[in-house]
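Engineer: Encoded as structure tokens, here's the structure I'll be asking about.
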Amino acid sequence: MKKITACITLAALCAGLTACAGKEEKLRADTPLDMEFSEVSVHDPSVVEGEDGSYYIFGSHMAVAKTDDLINWTYVNQGVKNDNELIPNVYSQMKEAFEWAHSNTFWAPDVARLEDGKYHLYYCNCQGDSPLSCLGTAVSDSVDGPYENEGLMLRSGMDAGEEDEDGDLYQAATDPNVVDPNVFYDAKGRLWMVYGSYSGGIFIKELDTKTGLPLEEGYGEKLLGGNHLRIEAPYIIYNEETGYYYMFLSFGGLDSDGGYNVRVCRSENPDGPYVDSMGQEMTDCKGPYGSSFSDVTAEQYGTKLMGGYKFLWTEGEDGEDRRGYLSPGHNSCLYQEDTGKYFIIYHTRFENSGEEHQVRVHQMFFNEDGWPVITPYRYTGETAEAYTEDAVPGTYKFINHGRDISAKMKESEEIRLESGGKITGAYEGTWELKGDHEVVIEIDGHTYKGVFLRQADEDGKKYVMTFTALCAETGTSIWGSALSAIE
């Protein structure tokens, strides 16, 4: 095959990667790229489409950013301050929330455009070292504000002897911490809010489709958790093709050494019951009585999609100075109807970088078993194409995300996808290309199903063939990134 050499800017990449991918016989693992990205630090990014067609992410501490291509971002707002256009006079408008939570900042919000055509901001405040929290709404005609406060709908962390929202005495081990809201419509047009972090678990409530406020009093129905398991950041999407609702969750701690990782479970109903790929009901996912932060318990549940990882540098490659990803999580998801693409948007920390964090967007697919798989590299405009079997064989950097909650990164090992379907190297097994780009990999007696996808390796500055696959039986995910191609 003839090799071509290309040095392109990110703008050219975005415009031309789809067309180039259609000529996959000419794009090999050593085709160089020159890429630039506009980065932002938005913790707990929740995505919503604006009236201008751009995508906005809202995060903790009133950090807001926008993008037109899911690649380059610009800030809309940074920090909680009265002098801002998003929520004018925020300290006076949200005085009740700040006073209840003994806090001067906001935690992870969500924004949804409802039937009234307005943007509803679901904000939350929390003391931080306890579940003393509150959750309220504000409304705007425009996605970027100004938002007008409507008031609080939920509170948690009441003092001993005080009644909770259900009229009982508040119990942190069983009642929710009312933060991390996500609001979504179901397939029948009903509106729901899922929420919760640590403490008593993850809960869901039905909302009025016109006002966006709860239909009933109380905390709603518990979906999972309890006894302070480190599980938070629920986000639910519906896939019309599979007929399932998928709830994404972040397990572990969000700090660089906290072992944050993204997991998923699914249900045929928006309010559950949810099960993981191993068939376990998530209502059983709760810590032992009297325990706190039992990661040994939590890591048994949920299908793990990604945790901390690093594709190691190999001699001869560009990008010798690579940073591993640490504690990726607190994601939102996006489906583009015009392209048919799914995306996962999350924040991540980095190796040897303290608590610095940035936003990342990866394309996401659903495998033949109906489970989501996340692509190894950030999105740069790529589209899955019909690949031929001679485009796949080569040496790959291989990562198995496992099932643990650990601060230690999963570092890549080398395997070879041989012509004829064998896998050799650090692992042995078989691989098969099905259809245009689906992959089935057999390793250690386990079957992983996913997709092949030509992606841009930003560190190595080249196009590479990648794969992402999931084993439903074990609830684990694997990634591969081609190092070299067989001539």
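Residues in the structure tokens are numbered from 1 in each chain, the chains being A, B, ... in the order shown, and ligands are numbered from 1 in the order shown.
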Step one, run DSSP on the backbone; step two, keep only residues of region 184-253 of chain A assigned to strand (DSSP E); then write them as a PyMOL selection string.
Structural biologist: chain A and resi 184-185+191-195+202-207+221-224+231-239+244-251
Engineer: Do you know which residues are at most 6 Å from region 255-261 of chain A counting only C-alpha atoms, after dropping those on the same chain fewer than 4 positions away, and could you put them as a list in words?
Structural biologist: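 Listed by chain and then number, they are Ser250, Phe251, Met306, Gly307, Leu326, Ser327, Pro328, Gly329, Arg349, Glu355, Ile405, Ser406 and Ala407 of chain A.
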Engineer: Using N, CA, C and O atoms, can you export the residues from the last selection as a PDB file, in the first residue's frame?
Structural biologist:
ATOM      1  N   SER A 250     -20.248   7.963  38.501  1.00  0.00           N
ATOM      2  CA  SER A 250     -18.827   8.052  38.837  1.00  0.00           C
ATOM      3  C   SER A 250     -18.610   7.399  40.199  1.00  0.00           C
ATOM      4  O   SER A 250     -19.229   7.793  41.189  1.00  0.00           O
ATOM      5  N   PHE A 251     -17.749   6.391  40.221  1.00  0.00           N
ATOM      6  CA  PHE A 251     -17.382   5.692  41.452  1.00  0.00           C
ATOM      7  C   PHE A 251     -16.020   6.209  41.923  1.00  0.00           C
ATOM      8  O   PHE A 251     -15.170   6.561  41.125  1.00  0.00           O
ATOM      9  N   MET A 306     -14.362   3.300  31.989  1.00  0.00           N
ATOM     10  CA  MET A 306     -13.014   3.885  31.945  1.00  0.00           C
ATOM     11  C   MET A 306     -12.605   4.351  33.333  1.00  0.00           C
ATOM     12  O   MET A 306     -13.435   4.753  34.147  1.00  0.00           O
ATOM     13  N   GLY A 307     -11.309   4.278  33.603  1.00  0.00           N
ATOM     14  CA  GLY A 307     -10.703   4.840  34.797  1.00  0.00           C
ATOM     15  C   GLY A 307      -9.407   5.523  34.389  1.00  0.00           C
ATOM     16  O   GLY A 307      -9.198   5.853  33.220  1.00  0.00           O
ATOM     17  N   LEU A 326      -5.920  10.850  35.014  1.00  0.00           N
ATOM     18  CA  LEU A 326      -6.257  10.422  36.370  1.00  0.00           C
ATOM     19  C   LEU A 326      -7.670  10.849  36.726  1.00  0.00           C
ATOM     20  O   LEU A 326      -8.089  11.966  36.416  1.00  0.00           O
ATOM     21  N   SER A 327      -8.391   9.960  37.378  1.00  0.00           N
ATOM     22  CA  SER A 327      -9.729  10.249  37.910  1.00  0.00           C
ATOM     23  C   SER A 327     -10.667  10.900  36.894  1.00  0.00           C
ATOM     24  O   SER A 327     -11.259  11.955  37.160  1.00  0.00           O
ATOM     25  N   PRO A 328     -10.825  10.304  35.715  1.00  0.00           N
ATOM     26  CA  PRO A 328     -11.813  10.832  34.772  1.00  0.00           C
ATOM     27  C   PRO A 328     -13.227  10.528  35.265  1.00  0.00           C
ATOM     28  O   PRO A 328     -13.495   9.447  35.785  1.00  0.00           O
ATOM     29  N   GLY A 329     -14.123  11.498  35.137  1.00  0.00           N
ATOM     30  CA  GLY A 329     -15.465  11.232  35.609  1.00  0.00           C
ATOM     31  C   GLY A 329     -16.391  12.419  35.606  1.00  0.00           C
ATOM     32  O   GLY A 329     -16.132  13.442  34.977  1.00  0.00           O
ATOM     33  N   ARG A 349      -8.257  14.705  35.536  1.00  0.00           N
ATOM     34  CA  ARG A 349      -6.994  15.213  36.025  1.00  0.00           C
ATOM     35  C   ARG A 349      -5.867  14.470  35.326  1.00  0.00           C
ATOM     36  O   ARG A 349      -6.117  13.542  34.557  1.00  0.00           O
ATOM     37  N   GLU A 355      -4.081  18.947  41.105  1.00  0.00           N
ATOM     38  CA  GLU A 355      -5.530  18.877  40.904  1.00  0.00           C
ATOM     39  C   GLU A 355      -5.989  19.653  39.677  1.00  0.00           C
ATOM     40  O   GLU A 355      -7.179  19.927  39.511  1.00  0.00           O
ATOM     41  N   ILE A 405     -11.457   0.209  41.896  1.00  0.00           N
ATOM     42  CA  ILE A 405     -11.428   1.645  42.161  1.00  0.00           C
ATOM     43  C   ILE A 405     -10.039   1.938  42.693  1.00  0.00           C
ATOM     44  O   ILE A 405      -9.712   1.605  43.833  1.00  0.00           O
ATOM     45  N   SER A 406      -9.203   2.531  41.870  1.00  0.00           N
ATOM     46  CA  SER A 406      -7.797   2.669  42.225  1.00  0.00           C
ATOM     47  C   SER A 406      -7.226   3.972  41.694  1.00  0.00           C
ATOM     48  O   SER A 406      -7.582   4.412  40.595  1.00  0.00           O
ATOM     49  N   ALA A 407      -6.340   4.562  42.474  1.00  0.00           N
ATOM     50  CA  ALA A 407      -5.655   5.774  42.034  1.00  0.00           C
ATOM     51  C   ALA A 407      -4.562   5.465  41.022  1.00  0.00           C
ATOM     52  O   ALA A 407      -4.057   6.364  40.351  1.00  0.00           O
TER      53      ALA A 407
END
Engineer: Give one line per residue of region 252-344 of chain A that approaches region 464-480 of chain A to at most 10 Å, naming the two atoms of the closest pair and their distance in Å to one decimal, counting only C-alpha atoms; sort by chain then ascending residue number and deliver it as a Markdown table.
Structural biologist:
| residue | atom | partner | partner_atom | distance |
| --- | --- | --- | --- | --- |
| A:Arg263 | CA | A:Gly475 | CA | 9.1 |
| A:Val264 | CA | A:Gly475 | CA | 9.3 |
| A:Cys265 | CA | A:Gly475 | CA | 9.9 |
| A:Asp276 | CA | A:Gly475 | CA | 7.5 |
| A:Ser277 | CA | A:Ala472 | CA | 4.9 |
| A:Met278 | CA | A:Glu473 | CA | 5.3 |
| A:Gly279 | CA | A:Glu473 | CA | 8.6 |
| A:Gln300 | CA | A:Gly475 | CA | 9.3 |
| A:Tyr301 | CA | A:Gly475 | CA | 8.5 |
| A:Gly302 | CA | A:Gly475 | CA | 7.1 |
| A:Thr303 | CA | A:Gly475 | CA | 4.3 |
| A:Lys304 | CA | A:Thr476 | CA | 5.4 |
| A:Leu305 | CA | A:Ser477 | CA | 5.5 |
| A:Met306 | CA | A:Ser477 | CA | 7.1 |
| A:Gly307 | CA | A:Ser477 | CA | 9.8 |
| A:Phe311 | CA | A:Gly480 | CA | 9.3 |
Engineer: List the neighbours of Val76 (chain A) out to 10 Å using only C-alpha atoms; skip same-chain residues closer than 4 positions along the sequence, and give me the result as JSON, numbers by chain.
Structural biologist: {"A": [56, 57, 58, 62, 63, 64, 65, 66, 84, 85, 86, 144]}
Engineer: For His61 (chain A), which of A:Val47, A:Val80, A:Met158, A:Leu132 is the closest residue, counting only C-alpha atoms?
Structural biologist: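 Of A:Val47, A:Val80, A:Met158, A:Leu132, the one nearest His61 (chain A), counting only C-alpha atoms, is A:Val80.
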Engineer: For Val361 (chain A), find every residue with an atom within 7 Å (counting only C-alpha atoms), except residues of its own chain fewer than 2 positions away, and show them as a list in words.
Structural biologist: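 Returned residues: Leu70, Phe343, Ile344, Ile345, Tyr346, Val359, Gln363, Arg378 and Tyr379 of chain A.
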Engineer: Name the residues in contact with region 330-341 of chain A at a cut-off of 10 Å, using only C-alpha atoms, excluding same-chain residues fewer than 4 positions from it; report them as an MDAnalysis selection string.
Structural biologist: chainID A and resid 43:49 55 57 59 108 110 180 182 232:239 248:251 254 260:262 345:348 359:365 383:384
Engineer: Which residue is closest to Gln280 (chain A)? Choose from A:Ser156, A:Thr211, A:Thr242, A:Ser267 and count only C-alpha atoms.
Structural biologist: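 Counting only C-alpha atoms, the residue closest to Gln280 (chain A) is A:Ser267.
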Engineer: Would you mind reading off the distance between CA of Trp100 (chain A) and CA of Asp208 (chain A), one decimal, in Å?
Structural biologist: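 Interatomic distance, CA of Trp100 (chain A) to CA of Asp208 (chain A): 25.1 Å.
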Engineer: Please report the interatomic distance between CA of Ala298 (chain A) and CA of Arg230 (chain A) in Å with one decimal.
Structural biologist: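 We find that CA of Ala298 (chain A) and CA of Arg230 (chain A) lie 7.5 Å from each other.
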Engineer: For Pro393 (chain A), list every protein, DNA or RNA residue within 6 Å, evaluated using only C-alpha atoms, and leave out those in the same chain fewer than 6 positions away; present the list as a PDB file with N, CA and C atoms, in the first residue's frame.
Structural biologist:
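New file out_14.pdb:
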ATOM      1  N   LEU A 417      -2.281  -7.788  16.782  1.00  0.00           N
ATOM      2  CA  LEU A 417      -3.398  -8.347  16.059  1.00  0.00           C
ATOM      3  C   LEU A 417      -2.856  -8.864  14.733  1.00  0.00           C
ATOM      4  N   GLU A 418      -2.676 -10.164  14.662  1.00  0.00           N
ATOM      5  CA  GLU A 418      -2.049 -10.783  13.505  1.00  0.00           C
ATOM      6  C   GLU A 418      -3.051 -10.940  12.361  1.00  0.00           C
ATOM      7  N   SER A 419      -2.521 -10.951  11.138  1.00  0.00           N
ATOM      8  CA  SER A 419      -3.360 -11.303   9.998  1.00  0.00           C
ATOM      9  C   SER A 419      -3.872 -12.725  10.213  1.00  0.00           C
TER      10      SER A 419
END
Engineer: Can you work out which one of A:Tyr219, A:Phe350, A:Tyr289, A:Tyr91 has the shortest atom-to-atom distance to Tyr195 (chain A), counting only C-alpha atoms?
Structural biologist: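 So, comparing all the options, the nearest one is A:Tyr219.
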Engineer: Determine which residues of region 210-433 of chain A DSSP labels as alpha helix (DSSP H) from the backbone of this structure, then write them out as a ChimeraX atom specification.
Structural biologist: /A:295-298
Engineer: Since we have the selection now, will you write its residues out, keeping all heavy atoms, as a short mmCIF file (atom, residue, chain, number, x, y, z; two decimals), in the first residue's frame?
Structural biologist:
data_model
loop_
_atom_site.label_atom_id
_atom_site.label_comp_id
_atom_site.auth_asym_id
_atom_site.auth_seq_id
_atom_site.Cartn_x
_atom_site.Cartn_y
_atom_site.Cartn_z
N ASP A 295 -15.22 0.96 49.16
CA ASP A 295 -14.92 0.76 47.74
C ASP A 295 -14.91 -0.72 47.37
O ASP A 295 -15.23 -1.08 46.23
CB ASP A 295 -13.57 1.38 47.38
CG ASP A 295 -13.63 2.90 47.34
OD1 ASP A 295 -14.73 3.46 47.40
OD2 ASP A 295 -12.54 3.53 47.24
N VAL A 296 -14.53 -1.57 48.31
CA VAL A 296 -14.53 -3.00 48.05
C VAL A 296 -15.93 -3.48 47.69
O VAL A 296 -16.11 -4.37 46.84
CB VAL A 296 -13.99 -3.77 49.27
CG1 VAL A 296 -14.14 -5.27 49.07
CG2 VAL A 296 -12.53 -3.42 49.52
N THR A 297 -16.93 -2.87 48.31
CA THR A 297 -18.32 -3.20 47.98
C THR A 297 -18.72 -2.57 46.65
O THR A 297 -19.27 -3.24 45.77
CB THR A 297 -19.27 -2.71 49.08
OG1 THR A 297 -18.93 -3.33 50.31
CG2 THR A 297 -20.71 -3.03 48.73
N ALA A 298 -18.45 -1.30 46.50
CA ALA A 298 -18.92 -0.56 45.32
C ALA A 298 -18.36 -1.12 44.02
O ALA A 298 -19.08 -1.22 43.02
CB ALA A 298 -18.54 0.92 45.46
#
Engineer: Pick out the closest residue to Glu268 (chain A) from this set: A:Ala187, A:Met409, A:Leu154, A:Leu312. Count only C-alpha atoms.
Structural biologist: A:Ala187
